[in-house]
$ cat final.cif   # mmCIF, C-alpha atoms
data_my_file
#
loop_
_atom_site.group_PDB
_atom_site.id
_atom_site.type_symbol
_atom_site.label_atom_id
_atom_site.label_comp_id
_atom_site.auth_asym_id
_atom_site.auth_seq_id
_atom_site.Cartn_x
_atom_site.Cartn_y
_atom_site.Cartn_z
ATOM 1 C CA MET A 1 8.035 -10.644 6.138
ATOM 2 C CA SER A 2 11.437 -9.499 7.244
ATOM 3 C CA CYS A 3 13.947 -8.151 4.789
ATOM 4 C CA TYR A 4 16.057 -11.254 5.106
ATOM 5 C CA SER A 5 13.284 -13.753 4.523
ATOM 6 C CA SER A 6 12.012 -11.849 1.523
ATOM 7 C CA PHE A 7 15.518 -11.923 0.148
ATOM 8 C CA ILE A 8 15.691 -15.680 0.602
ATOM 9 C CA TYR A 9 12.285 -16.009 -1.012
ATOM 10 C CA PHE A 10 13.460 -13.960 -3.946
ATOM 11 C CA LEU A 11 16.550 -16.109 -4.326
ATOM 12 C CA SER A 12 14.649 -19.356 -4.279
ATOM 13 C CA SER A 13 12.052 -18.154 -6.755
ATOM 14 C CA LEU A 14 14.814 -16.999 -9.022
ATOM 15 C CA GLU A 15 16.358 -20.401 -8.937
ATOM 16 C CA ARG A 16 13.151 -22.245 -9.504
ATOM 17 C CA ILE A 17 12.635 -20.417 -12.765
ATOM 18 C CA SER A 18 16.098 -20.956 -14.062
ATOM 19 C CA THR A 19 16.498 -24.638 -13.398
ATOM 20 C CA ARG A 20 14.987 -27.691 -14.781
ATOM 21 C CA SER A 21 15.977 -31.136 -13.799
ATOM 22 C CA ARG A 22 17.964 -33.188 -16.198
ATOM 23 C CA LEU A 23 16.700 -36.523 -17.341
ATOM 24 C CA ARG A 24 19.912 -38.403 -16.572
ATOM 25 C CA LEU A 25 19.887 -37.093 -13.035
ATOM 26 C CA GLU A 26 16.272 -38.079 -12.664
ATOM 27 C CA VAL A 27 16.987 -41.597 -13.907
ATOM 28 C CA LYS A 28 20.023 -41.891 -11.634
ATOM 29 C CA ASN A 29 17.982 -40.854 -8.621
ATOM 30 C CA LEU A 30 15.228 -43.345 -9.298
ATOM 31 C CA PRO A 31 14.990 -45.760 -6.394
ATOM 32 C CA LEU A 32 15.216 -49.494 -6.982
ATOM 33 C CA LYS A 33 11.502 -49.855 -6.584
ATOM 34 C CA ALA A 34 10.237 -46.725 -8.234
ATOM 35 C CA THR A 35 6.650 -45.732 -7.748
ATOM 36 C CA THR A 36 4.305 -45.459 -10.698
ATOM 37 C CA ASN A 37 4.401 -41.687 -10.467
ATOM 38 C CA GLN A 38 8.178 -41.630 -10.601
ATOM 39 C CA LYS A 39 8.219 -43.951 -13.583
ATOM 40 C CA LEU A 40 5.579 -41.907 -15.331
ATOM 41 C CA LYS A 41 7.538 -38.745 -14.739
ATOM 42 C CA VAL A 42 10.648 -40.237 -16.299
ATOM 43 C CA ALA A 43 8.616 -41.584 -19.230
ATOM 44 C CA ARG A 44 7.147 -38.164 -19.852
ATOM 45 C CA MET A 45 10.484 -36.427 -19.634
ATOM 46 C CA ARG A 46 11.889 -38.989 -22.016
ATOM 47 C CA ALA A 47 9.090 -38.477 -24.530
ATOM 48 C CA ARG A 48 9.573 -34.737 -24.428
ATOM 49 C CA LEU A 49 13.322 -35.034 -24.769
ATOM 50 C CA ARG A 50 12.982 -37.482 -27.655
ATOM 51 C CA GLY A 51 10.934 -34.887 -29.493
ATOM 52 C CA GLN A 52 13.573 -32.217 -28.863
ATOM 53 C CA VAL A 53 16.450 -34.472 -29.899
ATOM 54 C CA ASN A 54 14.712 -35.736 -33.032
ATOM 55 C CA ASP A 55 13.829 -32.213 -34.151
ATOM 56 C CA PHE A 56 17.396 -31.133 -33.634
ATOM 57 C CA ILE A 57 18.905 -34.072 -35.487
ATOM 58 C CA ASN A 58 16.436 -33.785 -38.356
ATOM 59 C CA SER A 59 17.254 -30.155 -38.980
ATOM 60 C CA SER A 60 20.985 -30.727 -38.567
ATOM 61 C CA SER A 61 21.246 -31.969 -42.173
ATOM 62 C CA THR A 62 20.474 -28.415 -43.331
ATOM 63 C CA PHE A 63 23.541 -27.006 -41.613
ATOM 64 C CA LEU A 64 26.022 -29.832 -41.335
ATOM 65 C CA PRO A 65 27.706 -32.062 -43.891
ATOM 66 C CA ASP A 66 27.176 -35.807 -43.599
ATOM 67 C CA LEU A 67 28.805 -37.084 -40.446
ATOM 68 C CA GLU A 68 30.193 -40.502 -39.817
ATOM 69 C CA GLU A 69 30.031 -42.344 -36.552
ATOM 70 C CA GLY A 70 33.493 -41.429 -35.314
ATOM 71 C CA ASP A 71 33.069 -37.732 -36.076
ATOM 72 C CA LEU A 72 31.147 -36.989 -32.924
ATOM 73 C CA LYS A 73 32.553 -37.033 -29.449
ATOM 74 C CA PRO A 74 30.139 -37.225 -26.540
ATOM 75 C CA MET A 75 30.647 -34.832 -23.668
ATOM 76 C CA GLU A 76 32.299 -36.305 -20.666
ATOM 77 C CA ASP A 77 29.872 -36.265 -17.832
ATOM 78 C CA GLU A 78 32.209 -35.322 -15.047
ATOM 79 C CA VAL A 79 30.424 -34.868 -11.765
ATOM 80 C CA ILE A 80 31.491 -31.777 -9.874
ATOM 81 C CA THR A 81 30.827 -31.671 -6.204
ATOM 82 C CA THR A 82 31.701 -29.522 -3.232
ATOM 83 C CA PRO A 83 34.714 -30.326 -1.006
ATOM 84 C CA GLU A 84 34.092 -33.055 1.498
ATOM 85 C CA ASP A 85 34.016 -30.894 4.611
ATOM 86 C CA GLU A 86 31.256 -28.799 3.102
ATOM 87 C CA TYR A 87 29.324 -31.611 1.571
ATOM 88 C CA VAL A 88 25.599 -31.617 2.144
ATOM 89 C CA GLU A 89 23.342 -34.263 0.683
ATOM 90 C CA PRO A 90 21.484 -32.439 -2.086
ATOM 91 C CA GLU A 91 17.748 -32.216 -1.906
ATOM 92 C CA GLU A 92 15.903 -34.761 -3.953
ATOM 93 C CA ASN A 93 12.877 -33.577 -5.763
ATOM 94 C CA VAL A 94 9.868 -35.081 -4.116
ATOM 95 C CA ASP A 95 7.056 -34.858 -6.528
ATOM 96 C CA GLY A 96 3.586 -35.208 -5.242
ATOM 97 C CA SER A 97 2.048 -34.049 -8.437
ATOM 98 C CA LEU A 98 3.077 -34.429 -11.999
ATOM 99 C CA ASP A 99 3.288 -31.380 -14.115
ATOM 100 C CA ASP A 100 0.900 -31.919 -16.942
ATOM 101 C CA GLU A 101 2.132 -30.713 -20.218
ATOM 102 C CA GLU A 102 0.239 -30.858 -23.401
ATOM 103 C CA GLY A 103 1.476 -32.390 -26.579
ATOM 104 C CA ILE A 104 3.236 -35.326 -25.020
ATOM 105 C CA GLU A 105 2.671 -38.447 -26.974
ATOM 106 C CA GLU A 106 3.015 -41.962 -25.808
ATOM 107 C CA GLU A 107 6.195 -43.620 -26.918
ATOM 108 C CA ASP A 108 5.872 -46.058 -29.778
ATOM 109 C CA GLU A 109 7.131 -49.521 -29.140
ATOM 110 C CA ASP A 110 9.784 -49.159 -31.839
ATOM 111 C CA GLU A 111 11.028 -45.972 -30.294
ATOM 112 C CA ALA A 112 11.118 -47.375 -26.803
ATOM 113 C CA ALA A 113 13.314 -50.205 -27.997
ATOM 114 C CA SER A 114 15.913 -47.882 -29.503
ATOM 115 C CA VAL A 115 18.533 -45.849 -27.640
ATOM 116 C CA HIS A 116 17.245 -43.576 -24.896
ATOM 117 C CA PRO A 117 17.246 -39.926 -25.961
ATOM 118 C CA GLU A 118 19.483 -38.937 -23.050
ATOM 119 C CA ALA A 119 22.227 -41.204 -24.391
ATOM 120 C CA ILE A 120 22.316 -39.752 -27.892
ATOM 121 C CA THR A 121 25.303 -37.562 -28.748
ATOM 122 C CA LEU A 122 23.935 -34.421 -30.342
ATOM 123 C CA PRO A 123 25.603 -33.219 -33.538
ATOM 124 C CA LEU A 124 26.445 -29.808 -32.110
ATOM 125 C CA PRO A 125 29.361 -28.121 -33.899
ATOM 126 C CA SER A 126 31.541 -28.294 -30.778
ATOM 127 C CA ASN A 127 31.013 -32.055 -30.523
ATOM 128 C CA ILE A 128 32.561 -32.692 -33.914
ATOM 129 C CA THR A 129 36.070 -34.070 -33.649
ATOM 130 C CA SER A 130 37.109 -34.154 -37.287
ATOM 131 C CA LYS A 131 39.369 -31.154 -37.924
ATOM 132 C CA LYS A 132 38.491 -31.135 -41.602
ATOM 133 C CA ILE A 133 34.772 -30.782 -41.017
ATOM 134 C CA LYS A 134 35.338 -28.305 -38.216
ATOM 135 C CA SER A 135 37.289 -25.955 -40.420
ATOM 136 C CA SER A 136 34.335 -25.713 -42.779
ATOM 137 C CA LEU A 137 31.971 -24.795 -39.976
ATOM 138 C CA GLU A 138 33.513 -21.578 -38.765
ATOM 139 C CA SER A 139 30.320 -19.525 -38.766
ATOM 140 C CA LEU A 140 28.466 -22.263 -36.885
ATOM 141 C CA LEU A 141 31.245 -22.533 -34.348
ATOM 142 C CA SER A 142 31.362 -18.780 -33.780
ATOM 143 C CA ILE A 143 27.614 -18.749 -33.112
ATOM 144 C CA GLU A 144 27.883 -21.676 -30.751
ATOM 145 C CA ARG A 145 30.778 -19.949 -29.016
ATOM 146 C CA GLU A 146 28.661 -16.873 -28.294
ATOM 147 C CA LEU A 147 25.754 -18.962 -27.044
ATOM 148 C CA ARG A 148 27.998 -21.113 -24.883
ATOM 149 C CA LYS A 149 29.395 -17.994 -23.254
ATOM 150 C CA GLY A 150 25.839 -17.021 -22.399
ATOM 151 C CA GLN A 151 25.203 -20.485 -21.009
ATOM 152 C CA ALA A 152 28.374 -20.236 -18.937
ATOM 153 C CA ASN A 153 27.375 -16.801 -17.617
ATOM 154 C CA ASP A 154 23.947 -18.097 -16.630
ATOM 155 C CA ALA A 155 25.404 -21.121 -14.901
ATOM 156 C CA LEU A 156 28.015 -19.109 -13.005
ATOM 157 C CA GLU A 157 25.333 -16.686 -11.873
ATOM 158 C CA GLY A 158 23.423 -19.699 -10.566
ATOM 159 C CA VAL A 159 26.516 -21.030 -8.795
ATOM 160 C CA ARG A 160 27.149 -17.651 -7.166
ATOM 161 C CA ILE A 161 23.550 -17.260 -6.042
ATOM 162 C CA GLY A 162 23.532 -20.818 -4.722
ATOM 163 C CA LEU A 163 26.753 -20.391 -2.759
ATOM 164 C CA ALA A 164 25.702 -17.039 -1.317
ATOM 165 C CA ASN A 165 22.347 -18.510 -0.403
ATOM 166 C CA LYS A 166 23.947 -21.511 1.283
ATOM 167 C CA SER A 167 26.325 -19.285 3.245
ATOM 168 C CA LEU A 168 23.522 -17.046 4.443
ATOM 169 C CA LEU A 169 21.383 -19.997 5.444
ATOM 170 C CA LEU A 170 24.229 -21.545 7.406
ATOM 171 C CA LEU A 171 24.884 -18.266 9.179
ATOM 172 C CA THR A 172 21.304 -17.457 10.045
ATOM 173 C CA ASP A 173 18.763 -20.250 9.890
ATOM 174 C CA VAL A 174 21.033 -23.125 10.841
ATOM 175 C CA ASN A 175 22.992 -21.236 13.486
ATOM 176 C CA LYS A 176 19.974 -19.725 15.097
ATOM 177 C CA SER A 177 17.677 -22.721 15.121
ATOM 178 C CA ARG A 178 16.644 -23.598 18.650
ATOM 179 C CA SER A 179 14.638 -26.740 18.140
ATOM 180 C CA THR A 180 14.807 -29.939 16.126
ATOM 181 C CA LYS A 181 11.973 -28.744 13.951
ATOM 182 C CA GLN A 182 13.705 -25.492 13.123
ATOM 183 C CA SER A 183 16.999 -27.196 12.500
ATOM 184 C CA THR A 184 15.442 -29.803 10.186
ATOM 185 C CA ARG A 185 13.849 -27.049 8.168
ATOM 186 C CA ALA A 186 17.013 -25.035 8.077
ATOM 187 C CA TRP A 187 19.073 -27.965 6.853
ATOM 188 C CA SER A 188 16.493 -28.821 4.258
ATOM 189 C CA SER A 189 16.870 -25.366 2.761
ATOM 190 C CA VAL A 190 20.637 -25.761 2.850
ATOM 191 C CA ARG A 191 20.263 -29.024 0.947
ATOM 192 C CA ASN A 192 18.079 -27.254 -1.550
ATOM 193 C CA ALA A 193 20.775 -24.639 -2.066
ATOM 194 C CA GLN A 194 23.315 -27.429 -2.428
ATOM 195 C CA SER A 195 21.403 -29.114 -5.221
ATOM 196 C CA GLN A 196 21.131 -25.773 -7.039
ATOM 197 C CA ILE A 197 24.873 -25.264 -6.748
ATOM 198 C CA LEU A 198 25.643 -28.703 -8.157
ATOM 199 C CA LEU A 199 23.131 -28.372 -10.962
ATOM 200 C CA HIS A 200 24.562 -25.060 -12.110
ATOM 201 C CA ALA A 201 28.141 -26.235 -11.641
ATOM 202 C CA ASN A 202 27.511 -29.163 -13.941
ATOM 203 C CA ALA A 203 25.748 -26.918 -16.459
ATOM 204 C CA TYR A 204 28.809 -24.696 -16.416
ATOM 205 C CA HIS A 205 31.042 -27.673 -16.944
ATOM 206 C CA ARG A 206 29.154 -28.574 -20.136
ATOM 207 C CA ALA A 207 29.438 -25.014 -21.431
ATOM 208 C CA TRP A 208 33.126 -24.991 -20.573
ATOM 209 C CA GLN A 209 33.738 -28.300 -22.345
ATOM 210 C CA ALA A 210 32.157 -26.883 -25.479
ATOM 211 C CA LEU A 211 34.216 -23.691 -25.252
ATOM 212 C CA ASN A 212 37.280 -25.825 -24.681
ATOM 213 C CA SER A 213 36.722 -27.793 -27.855
ATOM 214 C CA ILE A 214 36.067 -24.590 -29.819
ATOM 215 C CA GLU A 215 39.557 -23.611 -28.655
ATOM 216 C CA ASN A 216 39.492 -19.859 -28.389
ATOM 217 C CA SER A 217 42.234 -18.895 -25.972
ATOM 218 C CA GLU A 218 40.571 -15.602 -25.080
ATOM 219 C CA ASP A 219 37.464 -17.376 -23.802
ATOM 220 C CA LEU A 220 39.439 -19.972 -21.928
ATOM 221 C CA GLU A 221 41.216 -17.242 -20.022
ATOM 222 C CA VAL A 222 37.911 -15.849 -18.796
ATOM 223 C CA TYR A 223 36.056 -19.112 -18.393
ATOM 224 C CA GLN A 224 38.252 -21.439 -16.429
ATOM 225 C CA LYS A 225 37.658 -24.998 -15.466
ATOM 226 C CA LEU A 226 35.374 -25.137 -12.485
ATOM 227 C CA ASP A 227 36.927 -27.144 -9.744
ATOM 228 C CA GLY A 228 34.973 -28.711 -6.905
ATOM 229 C CA LYS A 229 37.308 -27.077 -4.410
ATOM 230 C CA HIS A 230 36.036 -23.652 -5.488
ATOM 231 C CA LEU A 231 32.487 -24.483 -4.571
ATOM 232 C CA VAL A 232 32.902 -23.400 -0.976
ATOM 233 C CA VAL A 233 30.669 -21.158 1.044
ATOM 234 C CA VAL A 234 31.548 -17.503 1.228
ATOM 235 C CA LYS A 235 33.612 -17.356 4.375
ATOM 236 C CA ASP A 236 33.196 -13.590 4.621
ATOM 237 C CA ILE A 237 29.563 -14.358 5.361
ATOM 238 C CA THR A 238 29.835 -17.501 7.468
ATOM 239 C CA ALA A 239 33.033 -16.699 9.316
ATOM 240 C CA ALA A 240 33.585 -12.971 9.269
ATOM 241 C CA LYS A 241 36.452 -11.648 11.382
ATOM 242 C CA ARG A 242 38.271 -14.937 11.151
ATOM 243 C CA TYR A 243 42.018 -15.398 11.361
ATOM 244 C CA GLY A 244 43.665 -14.819 7.998
ATOM 245 C CA GLN A 245 40.690 -13.118 6.428
ATOM 246 C CA GLY A 246 42.816 -10.382 4.937
ATOM 247 C CA SER A 247 44.735 -12.746 2.706
ATOM 248 C CA ASP A 248 41.756 -14.885 1.686
ATOM 249 C CA GLY A 249 40.353 -14.349 -1.743
ATOM 250 C CA LEU A 250 37.271 -15.546 -3.522
ATOM 251 C CA ALA A 251 37.421 -18.021 -6.387
ATOM 252 C CA TRP A 252 37.827 -16.718 -9.934
ATOM 253 C CA PHE A 253 34.159 -16.924 -10.870
ATOM 254 C CA TRP A 254 33.203 -14.259 -8.358
ATOM 255 C CA ARG A 255 35.266 -11.771 -10.253
ATOM 256 C CA ILE A 256 34.278 -12.135 -13.883
ATOM 257 C CA GLY A 257 32.060 -9.771 -15.765
ATOM 258 C CA PRO A 258 32.341 -6.941 -18.217
ATOM 259 C CA ASN A 259 33.229 -4.384 -15.582
ATOM 260 C CA GLU A 260 36.428 -5.769 -14.227
ATOM 261 C CA GLU A 261 38.187 -2.441 -14.704
ATOM 262 C CA SER A 262 35.404 -0.267 -13.383
ATOM 263 C CA LEU A 263 35.649 -2.153 -10.111
ATOM 264 C CA THR A 264 39.143 -0.961 -9.467
ATOM 265 C CA GLY A 265 38.789 2.634 -10.647
ATOM 266 C CA GLU A 266 36.150 4.960 -9.308
ATOM 267 C CA TRP A 267 34.893 2.487 -6.802
ATOM 268 C CA MET A 268 38.075 2.511 -4.781
ATOM 269 C CA ALA A 269 38.124 6.303 -4.484
ATOM 270 C CA GLU A 270 37.322 7.718 -1.093
ATOM 271 C CA CYS A 271 34.071 9.540 -0.465
ATOM 272 C CA LYS A 272 34.538 13.296 -0.186
ATOM 273 C CA MET B 1 23.971 9.609 6.369
ATOM 274 C CA GLU B 2 23.829 13.130 5.027
ATOM 275 C CA GLU B 3 25.662 12.152 1.916
ATOM 276 C CA ARG B 4 23.020 10.095 0.207
ATOM 277 C CA GLY B 5 21.894 9.985 -3.393
ATOM 278 C CA GLU B 6 24.744 9.434 -5.761
ATOM 279 C CA TYR B 7 27.042 8.306 -2.961
ATOM 280 C CA LEU B 8 24.968 5.183 -2.576
ATOM 281 C CA SER B 9 25.801 4.210 -6.126
ATOM 282 C CA ILE B 10 29.091 2.766 -4.914
ATOM 283 C CA PHE B 11 27.026 -0.168 -3.696
ATOM 284 C CA ASP B 12 25.877 -0.862 -7.257
ATOM 285 C CA LEU B 13 28.904 -2.994 -7.866
ATOM 286 C CA ASN B 14 27.622 -5.282 -10.493
ATOM 287 C CA HIS B 15 25.196 -3.094 -12.351
ATOM 288 C CA GLU B 16 26.520 -4.347 -15.631
ATOM 289 C CA LYS B 17 26.225 -8.108 -15.580
ATOM 290 C CA ALA B 18 27.668 -10.625 -17.959
ATOM 291 C CA PRO B 19 25.153 -11.210 -20.777
ATOM 292 C CA THR B 20 22.835 -14.168 -20.313
ATOM 293 C CA LEU B 21 22.099 -16.854 -22.850
ATOM 294 C CA ALA B 22 18.749 -15.241 -23.611
ATOM 295 C CA GLN B 23 20.339 -11.840 -24.230
ATOM 296 C CA ILE B 24 22.965 -13.298 -26.525
ATOM 297 C CA THR B 25 20.414 -15.347 -28.455
ATOM 298 C CA LEU B 26 18.276 -12.269 -28.963
ATOM 299 C CA GLN B 27 21.235 -10.189 -29.984
ATOM 300 C CA LEU B 28 22.360 -12.760 -32.543
ATOM 301 C CA THR B 29 18.924 -13.243 -34.067
ATOM 302 C CA GLU B 30 18.115 -9.574 -34.344
ATOM 303 C CA ASN B 31 18.743 -8.223 -37.784
ATOM 304 C CA GLU B 32 17.915 -5.094 -39.630
ATOM 305 C CA ASP B 33 15.058 -6.207 -41.829
ATOM 306 C CA HIS B 34 13.320 -8.288 -39.136
ATOM 307 C CA ARG B 35 12.947 -11.236 -41.445
ATOM 308 C CA PRO B 36 14.266 -14.665 -40.656
ATOM 309 C CA ASN B 37 17.533 -15.170 -42.456
ATOM 310 C CA ASP B 38 20.062 -17.939 -42.510
ATOM 311 C CA LYS B 39 21.925 -16.693 -39.494
ATOM 312 C CA SER B 40 18.903 -16.601 -37.246
ATOM 313 C CA LYS B 41 17.996 -20.122 -38.374
ATOM 314 C CA ILE B 42 21.454 -21.309 -37.356
ATOM 315 C CA VAL B 43 21.173 -19.518 -34.018
ATOM 316 C CA ASP B 44 17.803 -21.136 -33.369
ATOM 317 C CA TRP B 45 19.142 -24.526 -34.285
ATOM 318 C CA VAL B 46 22.254 -24.297 -32.086
ATOM 319 C CA ALA B 47 20.206 -22.872 -29.202
ATOM 320 C CA ALA B 48 17.780 -25.793 -29.529
ATOM 321 C CA GLY B 49 20.728 -28.180 -29.418
ATOM 322 C CA ILE B 50 22.168 -26.579 -26.301
ATOM 323 C CA LYS B 51 18.779 -26.722 -24.645
ATOM 324 C CA ALA B 52 18.272 -30.373 -25.564
ATOM 325 C CA GLN B 53 21.730 -31.143 -24.208
ATOM 326 C CA SER B 54 20.947 -29.443 -20.913
ATOM 327 C CA ASP B 55 17.770 -31.488 -20.612
ATOM 328 C CA GLN B 56 19.495 -34.763 -21.371
#
$ encode --input "final.cif" --output "structure tokens"
Amino acid sequence: MSCYSSFIYFLSSLERISTRSRLRLEVKNLPLKATTNQKLKVARMRARLRGQVNDFINSSSTFLPDLEEGDLKPMEDEVITTPEDEYVEPEENVDGSLDDEEGIEEEDEDEAASVHPEAITLPLPSNITSKKIKSSLESLLSIERELRKGQANDALEGVRIGLANKSLLLLTDVNKSRSTKQSTRAWSSVRNAQSQILLHANAYHRAWQALNSIENSEDLEVYQKLDGKHLVVVKDITAAKRYGQGSDGLAWFWRIGPNEESLTGEWMAECK
Amino acid sequence: MEERGEYLSIFDLNHEKAPTLAQITLQLTENEDHRPNDKSKIVDWVAAGIKAQSDQ
């Protein structure tokens, strides 16, 4: 295995671990005439999610005061996508087999008739709109703030890996493919990278929305709103030595991290 | 290529990465007496909520 292909393998395995499809996305991607396997998959995901959501809501009474209906604001599900000229149809998960997981119970009829678990607004501290309740939840909010920063870091790492992966694939596999077969394969891996990018970008957007409603200006300086126009391939990889390269810069999320200062200091010094 | 060793460390640009969700969760739940306290229960609960939200 060449160095490059092992690198790509490493990247894709890394991504497979860190991502899990979302139920809403799965439901949205269901074709009009879904197969039994597809329906079963959604039903299983729904049952698992219902368990998660119910557990969370049940234990929320320990930490939160009684909430009324208007106290919670659902997250806006804004879809972030890459700029049009770089748009690639994301890969759809084609599932031949279903992952069997234990402990999944069949849905009761009563439960099936109620609201789907993916549509329930979770009573997370950042989702609470009432200022009065929020002020009494400072410790909860500070914990959520820390965790959301971690979520944002994870998602941005995923976005960076995805974009770098896509750029490399475009430069090598796609550019160098000599036959239809090779090119089909190459584009399919690009599509795979694309779906990873979008998944992580949307995960980041959720983390950012939460941080935004927690309203800590320090965080919002570091974690900015992710714009679709930033989700472009790394031109230093795909189009090195291009006109205007010197004045081009990467988007903000390539430059965050704890070592912002260390990058400019010792690193810039010349080798003796 | 005679100057190897520590000179290569300039390529280790990002050796200190931003903390991940797992690292932060661990850091928040760790406490001195290693017994579950109120704070770690809250951390678990919020982390479960964030996870459920990502799966929604």
$ atom_distance --input "final.cif" --atom1 "atom CA of Lys17 of chain B" --atom2 "atom CA of Lys149 of chain A"
12.9 Å
$ atom_distance --input "final.cif" --atom1 "atom CA of Glu146 of chain A" --atom2 "atom CA of Asp44 of chain B"
12.7 Å
$ resolve_selection --input "final.cif" --expression "the PyMOL selection byres ((chain A) within 6 of (chain B))" --output "VMD selection string"
chain A and resid 22 to 23 118 147 150 to 151 153 to 154 257 to 258
$ atom_distance --input "final.cif" --atom1 "atom CA of Ser114 of chain A" --atom2 "atom CA of Ser59 of chain A"
20.1 Å
$ resolve_selection --input "final.cif" --expression "the PyMOL selection byres ((chain A and resi 121-130) around 7)" --output "compact mmCIF listing (two decimals) with C-alpha atoms, in the frame of the given file"
# COMPACT_ATOMS: atom_id res chain seq x y z
CA ASP A 71 33.07 -37.73 -36.08
CA LEU A 72 31.15 -36.99 -32.92
CA LYS A 73 32.55 -37.03 -29.45
CA PRO A 74 30.14 -37.22 -26.54
CA ALA A 119 22.23 -41.20 -24.39
CA ILE A 120 22.32 -39.75 -27.89
CA LYS A 131 39.37 -31.15 -37.92
CA LYS A 132 38.49 -31.14 -41.60
CA ILE A 133 34.77 -30.78 -41.02
CA LYS A 134 35.34 -28.30 -38.22
CA LEU A 140 28.47 -22.26 -36.88
CA LEU A 141 31.24 -22.53 -34.35
CA ALA A 210 32.16 -26.88 -25.48
CA SER A 213 36.72 -27.79 -27.86
CA ILE A 214 36.07 -24.59 -29.82
CA VAL B 46 22.25 -24.30 -32.09
CA GLY B 49 20.73 -28.18 -29.42
$ closest_residue --input "final.cif" --among "A:Asp55, A:Asp66, A:Asp85, A:Glu78" --to "Val233 of chain A" --atoms "all atoms listed in the file"
A:Asp85
$ residues_near_point --input "final.cif" --point "(23.9, -17.0, -1.0)" --cutoff "10 Å" --atoms "all atoms listed in the file" --output "ChimeraX atom specification"
/A:7-8,11,158-170,193,233-234,237
$ write_last_selection --input "final.cif" --atoms "C-alpha atoms" --output "PDB file, in the frame of the given file"
ATOM      1  CA  PHE A   7      15.518 -11.923   0.148  1.00  0.00           C
ATOM      2  CA  ILE A   8      15.691 -15.680   0.602  1.00  0.00           C
ATOM      3  CA  LEU A  11      16.550 -16.109  -4.326  1.00  0.00           C
ATOM      4  CA  GLY A 158      23.423 -19.699 -10.566  1.00  0.00           C
ATOM      5  CA  VAL A 159      26.516 -21.030  -8.795  1.00  0.00           C
ATOM      6  CA  ARG A 160      27.149 -17.651  -7.166  1.00  0.00           C
ATOM      7  CA  ILE A 161      23.550 -17.260  -6.042  1.00  0.00           C
ATOM      8  CA  GLY A 162      23.532 -20.818  -4.722  1.00  0.00           C
ATOM      9  CA  LEU A 163      26.753 -20.391  -2.759  1.00  0.00           C
ATOM     10  CA  ALA A 164      25.702 -17.039  -1.317  1.00  0.00           C
ATOM     11  CA  ASN A 165      22.347 -18.510  -0.403  1.00  0.00           C
ATOM     12  CA  LYS A 166      23.947 -21.511   1.283  1.00  0.00           C
ATOM     13  CA  SER A 167      26.325 -19.285   3.245  1.00  0.00           C
ATOM     14  CA  LEU A 168      23.522 -17.046   4.443  1.00  0.00           C
ATOM     15  CA  LEU A 169      21.383 -19.997   5.444  1.00  0.00           C
ATOM     16  CA  LEU A 170      24.229 -21.545   7.406  1.00  0.00           C
ATOM     17  CA  ALA A 193      20.775 -24.639  -2.066  1.00  0.00           C
ATOM     18  CA  VAL A 233      30.669 -21.158   1.044  1.00  0.00           C
ATOM     19  CA  VAL A 234      31.548 -17.503   1.228  1.00  0.00           C
ATOM     20  CA  ILE A 237      29.563 -14.358   5.361  1.00  0.00           C
TER      21      ILE A 237
END
$ resolve_selection --input "final.cif" --expression "the PyMOL selection byres ((chain A and resi 203) around 8)" --output "PyMOL selection string"
(chain A and resi 151-152+155+199-202+204-207) or (chain B and resi 54)
$ closest_residue --input "final.cif" --among "A:Arg185, A:Gly228, A:Leu49, A:Ala239" --to "Tyr87 of chain A" --atoms "all atoms listed in the file"
A:Gly228
$ residues_around --input "final.cif" --residues "Gly249 of chain A" --least-positions-apart "4" --cutoff "10 Å" --atoms "only C-alpha atoms" --output "CSV table (one decimal) with C-alpha atoms, in the coordinates of the input"
chain,number,residue,atom,x,y,z
A,234,VAL,CA,31.5,-17.5,1.2
A,235,LYS,CA,33.6,-17.4,4.4
A,236,ASP,CA,33.2,-13.6,4.6
A,245,GLN,CA,40.7,-13.1,6.4
A,254,TRP,CA,33.2,-14.3,-8.4
